[in-house]
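Asks: Here you go, this is work_24.txt (compact mmCIF, C-alpha atoms and all ligand atoms).
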# COMPACT_ATOMS: atom_id res chain seq x y z
CA MET A 32 -3.87 -31.53 54.02
CA SER A 33 -1.20 -29.70 56.01
CA ARG A 34 -0.76 -25.98 55.87
CA ALA A 35 2.60 -26.46 54.16
CA GLU A 36 1.00 -28.66 51.48
CA VAL A 37 -1.72 -26.08 50.83
CA SER A 38 0.84 -23.37 50.49
CA ARG A 39 2.90 -25.51 48.09
CA MET A 40 -0.17 -26.04 45.98
CA ARG A 41 -1.16 -22.42 46.10
CA SER A 42 2.15 -20.76 45.66
CA PRO A 43 2.58 -21.61 41.96
CA LEU A 44 -1.05 -20.66 41.29
CA VAL A 45 -0.93 -17.13 42.56
CA PRO A 46 2.08 -15.98 40.53
CA LEU A 47 0.68 -17.72 37.46
CA GLY A 48 -2.59 -15.83 37.76
CA THR A 49 -0.70 -12.62 38.32
CA LEU A 50 1.48 -13.34 35.34
CA ILE A 51 -1.47 -13.96 33.07
CA GLY A 52 -3.15 -10.81 34.33
CA ARG A 53 0.03 -8.86 33.82
CA GLU A 54 0.41 -10.28 30.33
CA LEU A 55 -3.14 -9.35 29.42
CA ARG A 56 -2.65 -5.88 30.80
CA ASN A 57 0.63 -5.52 28.94
CA GLU A 58 -0.97 -6.59 25.71
CA LYS A 59 -3.68 -4.02 26.25
CA LEU A 60 -1.08 -1.39 26.95
CA GLU A 61 0.97 -2.32 23.93
CA LYS A 62 -1.84 -2.07 21.43
CA PRO A 63 -2.12 1.52 20.24
CA PHE A 64 -5.43 3.12 19.49
CA LEU A 65 -6.25 5.03 16.36
CA LYS A 66 -7.87 8.40 15.93
CA TYR A 67 -8.70 9.53 12.46
CA GLY A 68 -10.31 12.31 10.51
CA GLN A 69 -11.25 12.93 6.89
CA ALA A 70 -11.81 16.04 4.81
CA ALA A 71 -12.48 16.52 1.11
CA LEU A 72 -13.50 19.04 -1.49
CA ALA A 73 -14.76 17.80 -4.81
CA LYS A 74 -14.14 19.37 -8.19
CA LYS A 75 -14.97 16.41 -10.44
CA GLY A 76 -16.31 14.05 -7.79
CA GLU A 77 -13.93 11.21 -8.67
CA ASP A 78 -12.19 10.78 -5.30
CA TYR A 79 -13.35 7.97 -3.05
CA PHE A 80 -12.04 6.81 0.30
CA LEU A 81 -12.34 3.83 2.62
CA ILE A 82 -12.18 3.89 6.41
CA LYS A 83 -12.49 0.44 7.98
CA PRO A 84 -11.29 0.23 11.57
CA ASP A 85 -11.59 -2.95 13.61
CA CYS A 86 -11.32 -5.53 10.84
CA LEU A 87 -10.50 -8.96 12.33
CA ARG A 88 -7.82 -11.41 11.21
CA VAL A 89 -9.59 -14.14 13.13
CA PRO A 90 -13.39 -13.79 13.03
CA GLY A 91 -14.83 -13.30 16.52
CA ASN A 92 -11.48 -12.52 18.14
CA PRO A 93 -11.17 -8.79 18.90
CA SER A 94 -7.48 -9.12 19.84
CA THR A 95 -6.72 -9.80 16.15
CA SER A 96 -8.01 -6.43 14.95
CA PHE A 97 -6.41 -4.33 12.23
CA SER A 98 -7.56 -1.23 10.36
CA VAL A 99 -7.65 -0.19 6.74
CA PHE A 100 -7.59 3.31 5.29
CA ALA A 101 -7.51 3.98 1.55
CA ILE A 102 -7.91 6.64 -1.09
CA PHE A 103 -9.06 5.98 -4.66
CA ASP A 104 -8.62 8.90 -7.07
CA GLY A 105 -10.59 8.00 -10.19
CA HIS A 106 -10.11 9.31 -13.73
CA ASN A 107 -12.22 9.10 -16.89
CA GLY A 108 -15.19 8.18 -14.73
CA ILE A 109 -15.85 6.81 -11.27
CA SER A 110 -16.55 3.10 -11.82
CA ALA A 111 -12.96 1.87 -11.27
CA ALA A 112 -12.65 3.87 -8.03
CA ILE A 113 -15.94 2.49 -6.73
CA PHE A 114 -15.12 -1.06 -7.84
CA ALA A 115 -11.72 -0.95 -6.11
CA LYS A 116 -13.23 0.51 -2.95
CA GLU A 117 -15.77 -2.29 -2.81
CA ASN A 118 -13.59 -5.27 -3.76
CA LEU A 119 -9.92 -4.66 -3.09
CA LEU A 120 -9.86 -5.43 0.64
CA ASP A 121 -11.63 -8.78 0.19
CA ASN A 122 -9.33 -9.70 -2.68
CA VAL A 123 -6.25 -8.92 -0.58
CA LEU A 124 -7.49 -10.88 2.43
CA SER A 125 -8.41 -13.92 0.34
CA ALA A 126 -4.76 -14.17 -0.73
CA ILE A 127 -3.52 -14.61 2.84
CA PRO A 128 -3.37 -18.27 3.94
CA GLN A 129 -6.04 -19.16 6.51
CA GLU A 130 -4.99 -19.73 10.09
CA SER A 131 -1.84 -17.64 9.84
CA SER A 132 -0.31 -16.43 13.07
CA ARG A 133 0.00 -12.67 13.43
CA GLU A 134 3.63 -12.73 12.29
CA GLU A 135 2.82 -14.95 9.30
CA TRP A 136 -0.13 -12.73 8.41
CA LEU A 137 2.01 -9.60 8.40
CA GLN A 138 4.70 -11.36 6.38
CA ALA A 139 2.19 -12.59 3.83
CA LEU A 140 0.53 -9.19 3.52
CA PRO A 141 2.90 -7.55 0.97
CA ARG A 142 2.41 -10.25 -1.66
CA ALA A 143 -1.28 -10.61 -0.81
CA LEU A 144 -1.56 -6.91 -1.63
CA VAL A 145 0.07 -7.55 -5.02
CA ALA A 146 -2.30 -10.46 -5.69
CA GLY A 147 -5.32 -8.46 -4.52
CA PHE A 148 -4.51 -5.44 -6.70
CA VAL A 149 -4.00 -7.60 -9.81
CA LYS A 150 -7.15 -9.64 -9.13
CA THR A 151 -9.22 -6.47 -8.70
CA ASP A 152 -7.85 -5.10 -11.97
CA ILE A 153 -8.68 -8.32 -13.86
CA GLU A 154 -12.21 -8.37 -12.42
CA PHE A 155 -12.78 -4.73 -13.32
CA GLN A 156 -11.53 -5.32 -16.87
CA GLN A 157 -14.11 -8.06 -17.25
CA LYS A 158 -16.84 -5.46 -16.71
CA GLY A 159 -15.77 -3.80 -19.95
CA GLU A 160 -15.69 -0.27 -18.54
CA THR A 161 -12.95 2.20 -19.29
CA SER A 162 -12.27 4.33 -16.21
CA GLY A 163 -9.22 4.00 -13.97
CA THR A 164 -8.17 4.83 -10.43
CA THR A 165 -5.13 5.40 -8.25
CA VAL A 166 -5.08 3.43 -5.01
CA THR A 167 -3.26 4.18 -1.79
CA PHE A 168 -4.14 1.37 0.59
CA VAL A 169 -2.95 1.42 4.20
CA VAL A 170 -3.19 -1.51 6.63
CA ILE A 171 -2.42 -0.75 10.28
CA ASP A 172 -1.85 -3.66 12.67
CA ASP A 173 -0.70 -2.39 16.07
CA TRP A 174 2.55 -0.53 15.33
CA THR A 175 3.08 -2.05 11.89
CA ILE A 176 1.99 -0.02 8.87
CA THR A 177 1.78 -1.58 5.41
CA VAL A 178 1.12 0.69 2.44
CA ALA A 179 0.41 -0.45 -1.13
CA SER A 180 -0.01 2.12 -3.87
CA VAL A 181 -0.49 2.63 -7.58
CA GLY A 182 -0.67 6.09 -9.10
CA ASP A 183 0.06 9.41 -7.46
CA SER A 184 -1.99 9.56 -4.29
CA ARG A 185 0.48 9.63 -1.45
CA CYS A 186 0.88 8.47 2.15
CA ILE A 187 3.32 10.19 4.48
CA LEU A 188 4.37 9.30 8.01
CA ASP A 189 5.12 11.95 10.60
CA THR A 190 6.81 10.24 13.53
CA GLN A 191 7.25 11.66 16.95
CA GLY A 192 10.83 12.47 16.13
CA GLY A 193 9.56 15.11 13.75
CA VAL A 194 10.84 13.24 10.70
CA VAL A 195 8.47 13.13 7.74
CA SER A 196 8.83 10.11 5.47
CA LEU A 197 7.12 9.12 2.28
CA LEU A 198 5.65 5.60 2.34
CA THR A 199 4.57 5.61 -1.32
CA VAL A 200 6.22 6.16 -4.70
CA ASP A 201 4.73 8.44 -7.33
CA HIS A 202 3.86 6.47 -10.47
CA ARG A 203 3.83 9.56 -12.65
CA LEU A 204 5.55 9.24 -15.99
CA GLU A 205 6.86 12.79 -15.62
CA GLU A 206 8.72 11.99 -12.42
CA ASN A 207 9.61 8.32 -12.70
CA VAL A 208 12.37 7.40 -15.18
CA GLU A 209 12.24 3.69 -14.40
CA GLU A 210 8.54 3.57 -15.15
CA ARG A 211 9.03 5.46 -18.43
CA GLU A 212 11.57 2.85 -19.49
CA ARG A 213 9.31 0.00 -18.47
CA VAL A 214 6.30 1.40 -20.35
CA THR A 215 8.37 1.99 -23.48
CA ALA A 216 9.90 -1.51 -23.30
CA SER A 217 6.41 -3.01 -22.98
CA GLY A 218 5.19 -1.35 -26.15
CA GLY A 219 3.78 2.00 -24.96
CA GLU A 220 4.82 5.39 -26.22
CA VAL A 221 5.69 8.20 -23.84
CA GLY A 222 5.37 11.82 -24.91
CA ARG A 223 3.61 15.11 -24.34
CA LEU A 224 0.40 16.32 -25.86
CA ASN A 225 0.94 17.77 -29.33
CA VAL A 226 -1.10 20.92 -29.88
CA TYR A 227 -1.62 22.79 -33.11
CA GLY A 228 1.69 23.99 -34.53
CA GLY A 229 3.64 21.01 -33.20
CA ASN A 230 4.15 22.46 -29.71
CA GLU A 231 4.36 19.92 -26.94
CA VAL A 232 2.47 20.83 -23.80
CA GLY A 233 1.63 19.40 -20.40
CA PRO A 234 3.10 16.47 -18.49
CA LEU A 235 4.47 13.29 -20.03
CA ARG A 236 1.73 10.86 -20.97
CA CYS A 237 1.68 7.38 -22.40
CA TRP A 238 0.02 6.60 -25.70
CA PRO A 239 -2.39 5.22 -26.68
CA GLY A 240 -4.66 6.70 -24.04
CA GLY A 241 -2.79 9.79 -22.90
CA LEU A 242 -2.60 8.82 -19.22
CA CYS A 243 -0.04 10.62 -17.01
CA LEU A 244 0.25 7.62 -14.67
CA SER A 245 2.20 4.42 -15.26
CA ARG A 246 0.25 2.29 -12.79
CA SER A 247 -3.42 2.17 -11.87
CA ILE A 248 -6.39 -0.12 -11.45
CA GLY A 249 -8.62 -0.11 -14.51
CA ASP A 250 -7.71 1.86 -17.65
CA THR A 251 -8.62 -1.06 -19.87
CA ASP A 252 -8.53 1.23 -22.92
CA VAL A 253 -5.05 2.59 -22.28
CA GLY A 254 -2.86 -0.50 -22.58
CA GLU A 255 -1.79 -3.38 -20.40
CA PHE A 256 1.58 -1.77 -19.66
CA ILE A 257 -0.33 0.46 -17.23
CA VAL A 258 -0.07 -2.18 -14.54
CA PRO A 259 -1.95 -2.58 -11.24
CA ILE A 260 1.12 -3.96 -9.42
CA PRO A 261 1.57 -1.79 -6.33
CA HIS A 262 4.63 -0.41 -4.65
CA VAL A 263 4.52 -1.90 -1.15
CA LYS A 264 6.26 -0.63 1.94
CA GLN A 265 5.97 -2.04 5.45
CA VAL A 266 7.34 -0.24 8.49
CA LYS A 267 7.09 -0.57 12.25
CA ILE A 268 6.98 2.62 14.26
CA SER A 269 8.09 2.94 17.86
CA ASN A 270 5.49 2.97 20.61
CA ALA A 271 5.81 6.75 20.75
CA GLY A 272 3.26 6.68 17.90
CA GLY A 273 2.95 8.64 14.70
CA ARG A 274 0.62 10.31 12.24
CA LEU A 275 -0.26 9.20 8.72
CA ILE A 276 -1.51 11.65 6.12
CA ILE A 277 -3.07 9.89 3.12
CA ALA A 278 -4.24 12.19 0.34
CA SER A 279 -5.00 12.48 -3.35
CA ASP A 280 -2.83 14.56 -5.70
CA GLY A 281 -5.05 17.59 -5.16
CA ILE A 282 -3.12 17.96 -1.89
CA TRP A 283 0.33 16.98 -3.12
CA ASP A 284 0.27 19.25 -6.16
CA ALA A 285 -0.06 22.12 -3.70
CA LEU A 286 1.91 20.97 -0.65
CA SER A 287 5.17 19.14 -0.03
CA SER A 288 5.15 16.27 2.49
CA ASP A 289 6.83 18.52 5.05
CA MET A 290 4.37 21.34 4.51
CA ALA A 291 1.38 19.04 4.92
CA ALA A 292 2.79 17.52 8.12
CA LYS A 293 3.74 20.89 9.60
CA SER A 294 0.41 22.51 8.79
CA CYS A 295 -1.46 20.28 11.23
CA ARG A 296 0.99 19.17 13.92
CA GLY A 297 -0.38 19.06 17.44
CA LEU A 298 -4.02 19.14 16.31
CA PRO A 299 -6.51 16.30 16.63
CA ALA A 300 -6.90 14.17 13.49
CA GLU A 301 -10.32 15.44 12.40
CA LEU A 302 -9.23 19.06 12.54
CA ALA A 303 -5.85 18.17 11.02
CA ALA A 304 -7.46 16.70 7.89
CA LYS A 305 -9.54 19.85 7.42
CA LEU A 306 -6.50 22.08 7.87
CA VAL A 307 -4.42 20.17 5.30
CA VAL A 308 -7.19 20.56 2.72
CA LYS A 309 -7.57 24.25 3.60
CA GLU A 310 -3.82 24.78 3.31
CA ALA A 311 -3.74 23.14 -0.12
CA LEU A 312 -6.64 25.30 -1.32
CA ARG A 313 -5.06 28.45 0.05
CA SER A 314 -1.93 27.95 -2.05
CA ARG A 315 -3.48 26.61 -5.23
CA GLY A 316 -7.25 27.00 -5.29
CA LEU A 317 -9.62 24.14 -6.08
CA LYS A 318 -8.17 22.69 -9.29
CA ASP A 319 -8.75 19.01 -8.62
CA ASP A 320 -10.56 16.67 -6.26
CA THR A 321 -8.85 17.04 -2.92
CA THR A 322 -9.21 14.32 -0.30
CA CYS A 323 -7.25 13.86 2.90
CA LEU A 324 -7.28 11.21 5.63
CA VAL A 325 -5.30 11.75 8.83
CA VAL A 326 -4.68 8.75 11.07
CA ASP A 327 -3.01 9.07 14.46
CA ILE A 328 -1.48 5.95 15.97
CA ILE A 329 -1.48 6.77 19.65
CA PRO A 330 0.02 4.97 22.65
CA CYS A 331 -2.83 3.74 24.77
CA ASP A 332 -1.80 5.63 27.87
CA GLN A 333 -1.94 8.98 26.10
CA PRO A 334 -5.17 10.70 25.07
CA VAL A 335 -3.64 12.51 22.07
CA LEU A 336 -0.49 12.35 20.00
CA PRO A 337 2.04 14.32 22.08
CA PRO A 338 3.47 17.47 20.51
CA THR A 339 6.65 16.97 18.56
CA PRO A 340 9.89 18.16 20.14
CA ARG A 341 11.11 18.90 16.65
CA LYS A 342 13.93 21.39 17.09
CA LYS A 343 15.64 19.56 19.89
CA GLN A 344 15.47 16.23 18.05
CA ASN A 345 16.83 17.64 14.85
CA MET A 346 19.66 19.31 16.69
CA LEU A 347 20.54 16.03 18.29
CA ARG A 348 20.45 14.30 14.94
CA SER A 349 22.61 16.85 13.24
CA LEU A 350 25.12 16.35 16.02
CA LEU A 351 24.95 12.59 15.68
CA PHE A 352 25.22 12.53 11.93
CA GLY A 353 27.38 15.61 11.53
CA LYS A 354 25.05 17.09 8.96
CA LYS A 355 22.65 19.96 8.78
CA SER A 356 19.29 18.87 10.06
CA GLN A 357 17.58 19.91 6.83
CA SER A 358 19.65 17.65 4.60
CA PHE A 359 19.18 14.79 6.98
CA THR A 360 15.44 15.25 6.95
CA ASN A 361 15.45 15.03 3.18
CA LYS A 362 17.63 11.96 3.12
CA SER A 363 15.55 10.24 5.75
CA THR A 364 12.77 9.93 3.20
CA ASN A 365 14.65 6.98 1.77
CA LYS A 366 16.47 5.74 4.82
CA LEU A 367 14.17 5.43 7.76
CA SER A 368 15.93 2.80 9.77
CA SER A 369 18.97 4.91 10.63
CA VAL A 370 16.90 7.07 12.94
CA GLY A 371 15.77 4.15 15.07
CA VAL A 372 12.28 5.61 15.30
CA VAL A 373 10.91 3.67 12.36
CA GLU A 374 11.98 0.15 11.50
CA GLU A 375 11.78 -0.67 7.82
CA LEU A 376 10.44 -4.21 7.37
CA PHE A 377 9.78 -4.47 3.64
CA GLU A 378 9.90 -2.42 0.47
CA GLU A 379 9.43 -3.57 -3.12
CA GLY A 380 8.20 -1.75 -6.18
CA SER A 381 9.03 -4.00 -9.15
CA ALA A 382 6.39 -4.28 -11.87
CA MET A 383 7.34 -7.93 -12.56
CA LEU A 384 4.78 -10.32 -11.11
CA ALA A 385 7.30 -13.18 -10.65
CA GLU A 386 9.51 -10.99 -8.48
CA ARG A 387 6.59 -9.86 -6.39
CA LEU A 388 4.86 -13.15 -5.71
CA GLY A 389 7.92 -15.31 -5.13
CA LYS A 390 8.20 -19.03 -5.77
CA ASP A 391 7.02 -20.31 -2.44
CA PHE A 392 3.46 -19.08 -2.61
CA PRO A 393 1.35 -21.91 -1.16
CA SER A 394 -0.39 -23.38 -4.18
CA ASN A 395 -1.22 -27.05 -3.56
CA THR A 396 -4.75 -27.71 -2.43
CA ASN A 397 -5.99 -30.92 -0.84
CA SER A 398 -7.85 -31.90 -3.97
CA GLY A 399 -4.74 -32.21 -6.14
CA LEU A 400 -5.62 -28.95 -7.86
CA PHE A 401 -3.36 -25.95 -7.79
CA ARG A 402 -4.49 -22.63 -6.40
CA CYS A 403 -3.73 -19.54 -8.47
CA ALA A 404 -1.50 -17.13 -6.54
CA VAL A 405 -3.40 -14.13 -7.88
CA CYS A 406 -7.12 -14.95 -8.05
CA GLN A 407 -7.16 -17.99 -5.71
CA VAL A 408 -9.06 -20.09 -8.23
CA ASP A 409 -8.29 -23.83 -8.12
CA GLN A 410 -7.16 -25.33 -11.41
CA ALA A 411 -5.54 -28.51 -12.67
CA PRO A 412 -1.77 -28.02 -12.95
CA ALA A 413 -1.83 -28.59 -16.70
CA ASP A 414 -4.27 -25.73 -17.29
CA GLY A 415 -2.22 -23.04 -15.65
CA LEU A 416 1.34 -21.87 -15.33
CA SER A 417 3.69 -23.29 -12.74
CA VAL A 418 7.40 -22.91 -12.21
CA ASN A 419 8.26 -25.67 -14.64
CA SER A 420 5.77 -25.07 -17.39
CA GLY A 421 8.11 -23.83 -20.06
CA PRO A 422 6.05 -24.77 -23.15
CA PHE A 423 3.64 -21.89 -22.61
CA PHE A 424 6.34 -19.47 -23.60
CA SER A 425 8.09 -18.38 -26.67
CA PRO A 426 11.67 -19.69 -26.60
CA ALA A 427 12.87 -16.10 -26.32
CA SER A 428 11.08 -15.32 -23.10
CA LYS A 429 12.53 -16.04 -19.71
CA PRO A 430 11.24 -19.11 -17.86
CA TRP A 431 8.57 -18.32 -15.30
CA GLU A 432 10.01 -18.17 -11.81
CA GLY A 433 6.85 -17.38 -9.93
CA PRO A 434 4.13 -19.47 -8.30
CA PHE A 435 1.23 -21.23 -9.99
CA LEU A 436 -1.04 -18.96 -12.04
CA CYS A 437 -4.35 -19.97 -13.62
CA ALA A 438 -4.72 -19.58 -17.39
CA ASN A 439 -6.56 -16.28 -16.99
CA CYS A 440 -3.98 -14.69 -14.71
CA ARG A 441 -1.17 -16.03 -16.93
CA LYS A 442 -2.70 -14.13 -19.83
CA LYS A 443 -2.81 -11.00 -17.70
CA LYS A 444 0.83 -11.45 -16.66
CA ASP A 445 1.96 -11.81 -20.28
CA ALA A 446 -0.06 -8.79 -21.35
CA MET A 447 1.42 -6.63 -18.58
CA GLU A 448 4.90 -7.58 -19.72
CA GLY A 449 4.03 -6.68 -23.31
CA LYS A 450 4.19 -10.28 -24.53
CA ARG A 451 0.70 -10.63 -25.91
CA ALA A 452 0.81 -8.63 -29.10
CA GLY A 453 3.20 -9.34 -31.94
CA ILE A 454 5.29 -12.05 -30.35
CA PRO A 455 4.24 -15.55 -31.40
CA THR A 456 3.94 -17.83 -28.40
CA VAL A 457 4.11 -21.60 -28.45
CA THR A 458 1.06 -23.14 -26.91
CA SER A 459 0.61 -26.74 -25.94
ZN ZN A 501 -5.78 -16.69 -11.45
Please render this file's structure as structure tokens.

Replies:
Amino acid sequence: MSRAEVSRMRSPLVPLGTLIGRELRNEKLEKPFLKYGQAALAKKGEDYFLIKPDCLRVPGNPSTSFSVFAIFDGHNGISAAIFAKENLLDNVLSAIPQESSREEWLQALPRALVAGFVKTDIEFQQKGETSGTTVTFVVIDDWTITVASVGDSRCILDTQGGVVSLLTVDHRLEENVEERERVTASGGEVGRLNVYGGNEVGPLRCWPGGLCLSRSIGDTDVGEFIVPIPHVKQVKISNAGGRLIIASDGIWDALSSDMAAKSCRGLPAELAAKLVVKEALRSRGLKDDTTCLVVDIIPCDQPVLPPTPRKKQNMLRSLLFGKKSQSFTNKSTNKLSSVGVVEELFEEGSAMLAERLGKDFPSNTNSGLFRCAVCQVDQAPADGLSVNSGPFFSPASKPWEGPFLCANCRKKKDAMEGKRAGIPTVTS
């Protein structure tokens, strides 16, 4: 072999090897690392949390890792909070089609969260216990953050631009007109507590049951219009990183999102979580269970989340948008994408299962059975509810526009929409 031939053979090899090496290094650089801390003070002992870093999309492949952080604020007992903590993640993951690519996995995640929440609620109901729980469930995959929530625990995002945004919606009857209307339309009554003498006191609650929340997992005794269908929001932050603060209402009843973010900026996550709890106690005292998780998403080449150049950034923004920085900060809660720091990928909060699951949920299995989009049970098409199975419904109700549901999950769907009681349904 001549020297020229050797060099011809070699020359493509060397750059290829370099390229692969570079690619691997880049991938390593691109993946952020997470630092997190947790702090809590119990009053009733009904707050639970979940910290699960390094979950794997593909078993045995560490490059497919993602992390889960969640808070479960229980009420009327602790069993729903514990049940959700132990089962929700598995139920969500089982609703994501096997062998999805990373992009497909992230795209499937919002509706898998809906399916997982509803499945967990159905399973808990079958235990015949009466407690309930809020859930704020955060999945972090590289720079993409997906948050699903029911109830009034909250997750905020403090980006490096110094903008604080809310990634959850409060399902409190007092503060959510849409939810009040939905609960009333589904057969619930919304009002305040009536004390002796006919005086109404306290926050708006729904009756029967007297719950202040419109969505939760559990609460079997309250009424099916208290649905477990989560608000889901998916965002991608820039590789400058950001901080998440996930906390139960013990924090948020005392601190605004801005106050919580400001109280711990520039501090490591563990200390930050402690400070947020301390700050909430300082202003309100210990009136409720108070739990806080702080998660920093940090570029790999930086040891800590860099301090926020807040004033300068806000000044620049107010120049760009011609508004006072304060008003922009408030508005940005709803409109993240205009800043360019955070890309909004998905947001949906409807309580209608059909709207949340979509029609194209993969439902055919190899065996000729259909797979339920909620609980993943295989069932013969005739036993469940598919897009074209009109006869299951009263003529008055809208045709089902969602994916296949098994008989059990169909019952749940009808109950959540207030169709079970009073309205005669035609069955085949
Ligand atoms: Zn099902």

Asks: Mind listing as a PyMOL selection string all residues within 9 Å of (-1.4, 9.9, -1.6), counting all atoms listed in the file?

Replies: chain A and resi 102+165-167+180+182-187+199+201+276-280+282-283+323

Asks: Selection from above, C-alpha atoms, as a PDB file, in the coordinates of the input, can you write it?

Replies:
ATOM      1  CA  ILE A 102      -7.910   6.640  -1.090  1.00  0.00           C
ATOM      2  CA  THR A 165      -5.130   5.400  -8.250  1.00  0.00           C
ATOM      3  CA  VAL A 166      -5.080   3.430  -5.010  1.00  0.00           C
ATOM      4  CA  THR A 167      -3.260   4.180  -1.790  1.00  0.00           C
ATOM      5  CA  SER A 180      -0.010   2.120  -3.870  1.00  0.00           C
ATOM      6  CA  GLY A 182      -0.670   6.090  -9.100  1.00  0.00           C
ATOM      7  CA  ASP A 183       0.060   9.410  -7.460  1.00  0.00           C
ATOM      8  CA  SER A 184      -1.990   9.560  -4.290  1.00  0.00           C
ATOM      9  CA  ARG A 185       0.480   9.630  -1.450  1.00  0.00           C
ATOM     10  CA  CYS A 186       0.880   8.470   2.150  1.00  0.00           C
ATOM     11  CA  ILE A 187       3.320  10.190   4.480  1.00  0.00           C
ATOM     12  CA  THR A 199       4.570   5.610  -1.320  1.00  0.00           C
ATOM     13  CA  ASP A 201       4.730   8.440  -7.330  1.00  0.00           C
ATOM     14  CA  ILE A 276      -1.510  11.650   6.120  1.00  0.00           C
ATOM     15  CA  ILE A 277      -3.070   9.890   3.120  1.00  0.00           C
ATOM     16  CA  ALA A 278      -4.240  12.190   0.340  1.00  0.00           C
ATOM     17  CA  SER A 279      -5.000  12.480  -3.350  1.00  0.00           C
ATOM     18  CA  ASP A 280      -2.830  14.560  -5.700  1.00  0.00           C
ATOM     19  CA  ILE A 282      -3.120  17.960  -1.890  1.00  0.00           C
ATOM     20  CA  TRP A 283       0.330  16.980  -3.120  1.00  0.00           C
ATOM     21  CA  CYS A 323      -7.250  13.860   2.900  1.00  0.00           C
TER      22      CYS A 323
END

Asks: Return the single residue from A:Leu87, A:Leu204, A:Cys406, A:Ala285 that is closest to Ala311 (chain A), with distances computed using only C-alpha atoms.

Replies: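 Distance minimum relative to Ala311 (chain A) lands on A:Ala285.
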
Asks: Please compute the CA of Leu224 (chain A)-CA of Asp152 (chain A) distance, one decimal, in Å.

Replies: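 CA of Asp152 (chain A) lies at a distance of 26.8 Å from CA of Leu224 (chain A).
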
Asks: Residues up to 9 Å from ligand ZN 501 (chain A), counting all atoms listed in the file: could you list those as a list in words?

Replies: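 Counting all atoms listed in the file, the residues within 9 Å of ligand ZN 501 (chain A) come out as Lys150, Arg402, Cys403, Ala404, Val405, Cys406, Gln407, Val408, Asp409, Gln410, Gly415, Phe435, Leu436, Cys437, Ala438, Asn439, Cys440, Arg441 and Lys443 of chain A.
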
Asks: Can you spit out the residues from that selection as a tab-separated table (two decimals), keeping the file's coordinate frame, using C-alpha atoms?

Replies:
chain	number	residue	atom	x	y	z
A	150	LYS	CA	-7.15	-9.64	-9.13
A	402	ARG	CA	-4.49	-22.63	-6.40
A	403	CYS	CA	-3.73	-19.54	-8.47
A	404	ALA	CA	-1.50	-17.13	-6.54
A	405	VAL	CA	-3.40	-14.13	-7.88
A	406	CYS	CA	-7.12	-14.95	-8.05
A	407	GLN	CA	-7.16	-17.99	-5.71
A	408	VAL	CA	-9.06	-20.09	-8.23
A	409	ASP	CA	-8.29	-23.83	-8.12
A	410	GLN	CA	-7.16	-25.33	-11.41
A	415	GLY	CA	-2.22	-23.04	-15.65
A	435	PHE	CA	1.23	-21.23	-9.99
A	436	LEU	CA	-1.04	-18.96	-12.04
A	437	CYS	CA	-4.35	-19.97	-13.62
A	438	ALA	CA	-4.72	-19.58	-17.39
A	439	ASN	CA	-6.56	-16.28	-16.99
A	440	CYS	CA	-3.98	-14.69	-14.71
A	441	ARG	CA	-1.17	-16.03	-16.93
A	443	LYS	CA	-2.81	-11.00	-17.70

Asks: Would you list the contacts of Glu77 (chain A) as a list of chain:residue names, taking every protein, DNA or RNA residue within 12 Å and counting all atoms listed in the file, but skipping same-chain residues closer than 3 positions in sequence?

Replies: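 The filter keeps A:Ala71, A:Leu72, A:Ala73, A:Lys74, A:Phe80, A:Ile102, A:Phe103, A:Asp104, A:Gly105, A:His106, A:Asn107, A:Gly108, A:Ile109, A:Ser110, A:Ala111, A:Ala112, A:Ile113, A:Ser162, A:Gly163, A:Thr164, A:Thr165, A:Ser279, A:Asp280, A:Gly281, A:Asp319, A:Asp320, A:Thr321, A:Thr322.
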
Asks: Which residue gives the smallest distance to Asn270 (chain A) among A:Val372, A:Leu81, A:Leu198, A:Leu140, with only C-alpha atoms counted?

Replies: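 Closest candidate: A:Val372.
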
Asks: With only C-alpha atoms as the atoms that count, which of A:Gly76, A:Pro93, A:Gly380, A:Gly249 lies nearest to Lys158 (chain A)?

Replies: A:Gly249

Asks: Box along x, y and z, 3 Å on every side, all listed atoms of region 207-215 of chain A inside: centre and edge lengths in Å to one decimal, as AutoDock Vina command-line options.

Replies:
--center_x 9.3 --center_y 4.2 --center_z -18.1 --size_x 12.1 --size_y 14.3 --size_z 16.8

Asks: When you count only C-alpha atoms, which of these residues is closest to Ala101 (chain A): A:Phe168, A:Trp136, A:Phe114, A:Phe377?

Replies: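 The shortest atom-to-atom distance to Ala101 (chain A) comes from A:Phe168.
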